[in-house]
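**Student:** My structure is in coords.cif, and what it holds is mmCIF, C-alpha atoms:
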```cif
data_my_file
#
loop_
_atom_site.label_atom_id
_atom_site.label_comp_id
_atom_site.auth_asym_id
_atom_site.auth_seq_id
_atom_site.Cartn_x
_atom_site.Cartn_y
_atom_site.Cartn_z
CA PRO A 19 20.79 17.89 -35.76
CA ALA A 20 23.43 15.23 -36.10
CA GLU A 21 24.03 13.23 -39.29
CA ALA A 22 21.77 10.41 -38.08
CA HIS A 23 18.91 12.85 -37.52
CA ALA A 24 19.37 14.42 -40.96
CA GLY A 25 19.42 11.01 -42.66
CA THR A 26 16.27 9.89 -40.86
CA TYR A 27 14.48 13.14 -41.71
CA SER A 28 15.48 12.73 -45.36
CA ALA A 29 14.32 9.09 -45.50
CA VAL A 30 10.95 9.80 -43.88
CA GLY A 31 10.39 12.79 -46.16
CA HIS A 32 11.09 10.68 -49.24
CA TYR A 33 8.74 7.97 -47.98
CA LEU A 34 5.93 10.47 -47.38
CA LYS A 35 6.40 11.99 -50.85
CA ALA A 36 6.18 8.49 -52.35
CA VAL A 37 2.98 7.75 -50.40
CA ALA A 38 1.44 10.98 -51.69
CA ALA A 39 2.55 10.23 -55.27
CA ALA A 40 1.26 6.63 -55.12
CA GLY A 41 -2.04 7.69 -53.54
CA THR A 42 -1.93 4.69 -51.21
CA SER A 43 0.12 3.25 -48.37
CA ARG A 44 0.45 -0.22 -49.92
CA HIS A 45 4.08 -1.10 -49.44
CA ASP A 46 4.66 -2.55 -52.92
CA LEU A 47 3.30 0.53 -54.69
CA VAL A 48 5.08 2.94 -52.35
CA MET A 49 8.41 1.15 -52.79
CA ALA A 50 7.99 1.25 -56.57
CA ARG A 51 7.42 5.01 -56.38
CA MET A 52 10.40 5.44 -54.04
CA HIS A 53 12.63 3.72 -56.58
CA ASP A 54 11.20 5.83 -59.44
CA MET A 55 11.53 9.19 -57.70
CA PRO A 56 14.92 10.85 -57.16
CA VAL A 57 15.73 11.99 -53.63
CA ASN A 58 16.02 15.78 -53.58
CA ASP A 59 16.14 17.53 -50.24
CA PHE A 60 18.50 19.50 -48.02
CA TYR A 61 20.69 16.43 -47.46
CA THR A 62 20.73 14.66 -50.84
CA ARG A 63 20.65 15.85 -54.46
CA ASN A 64 19.40 13.70 -57.36
CA ALA A 65 20.08 10.35 -55.74
CA ARG A 66 18.09 7.21 -56.51
CA LEU A 67 17.44 4.12 -54.46
CA ARG A 68 19.42 1.14 -55.70
CA ALA A 69 17.76 -2.21 -56.42
CA ASP A 70 18.91 -3.47 -53.00
CA GLY A 71 17.15 -0.55 -51.27
CA ARG A 72 20.26 1.44 -50.40
CA LEU A 73 20.77 5.10 -51.20
CA MET A 74 24.18 6.38 -52.20
CA ARG A 75 24.87 9.95 -51.07
CA THR A 76 27.78 12.23 -51.75
CA ALA A 77 30.12 12.31 -48.76
CA TYR A 78 32.98 14.65 -48.08
CA LEU A 79 35.92 13.40 -46.07
CA ALA A 80 38.54 15.67 -44.60
CA GLN A 81 41.71 14.98 -42.67
CA MET A 82 42.87 17.64 -40.27
CA LYS A 83 46.51 18.24 -39.58
CA THR A 84 47.77 17.37 -36.14
CA PRO A 85 48.34 20.40 -33.91
#
```
Please rewrite the model in this file as structure tokens.
**Tutor:**
Amino acid sequence: PAEAHAGTYSAVGHYLKAVAAAGTSRHDLVMARMHDMPVNDFYTRNARLRADGRLMRTAYLAQMKTP
């Protein structure tokens, strides 16, 4: 999968875990649980949703030398 696929899979997985933890699909309760729970999966380690709803992940940048 590409990075976009991995990010989507991670987001949906976190949402489904929050629905299970909240015991309901009410958006306000699920969002509260999503903010309370850290994101831990194959793509992200111990990240939390910010107040504006964004998730900050660790990113690695590399610059390759020209041939």
**Student:** Which one of A:Ala22, A:Ala50, A:Val57, A:Ala36 sits closest to A:Leu73 if you count only C-alpha atoms?
**Tutor:** A:Val57
**Student:** Give me the result of the PyMOL selection byres ((chain A and resi 74) around 12) on this file, residue by residue, as an MDAnalysis selection string.
**Tutor:** chainID A and resid 25 56:57 61:73 75:77
**Student:** Could you tell me, as a PyMOL selection string, exactly which residues end up selected when the PyMOL selection byres ((chain A and resi 28) around 8) is applied to this structure?
**Tutor:** chain A and resi 24-27+29-32+59-62
**Student:** What does the structure give for the distance between atom CA of A:Leu47 and atom CA of A:Tyr33, in Å to one decimal?
**Tutor:**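 Between atom CA of A:Leu47 and atom CA of A:Tyr33 the gap works out to 11.4 Å.
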**Student:** Evaluate the PyMOL selection byres ((chain A and resi 39) around 12) against this structure - the residues, as a list in words, please.
**Tutor:**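 Answer for the PyMOL selection byres ((chain A and resi 39) around 12): His32, Tyr33, Leu34, Lys35, Ala36, Val37, Ala38, Ala40, Gly41, Thr42, Ser43, Arg44, Leu47, Val48, Met49, Ala50, Arg51, Met52, Asp54 and Met55 of chain A.
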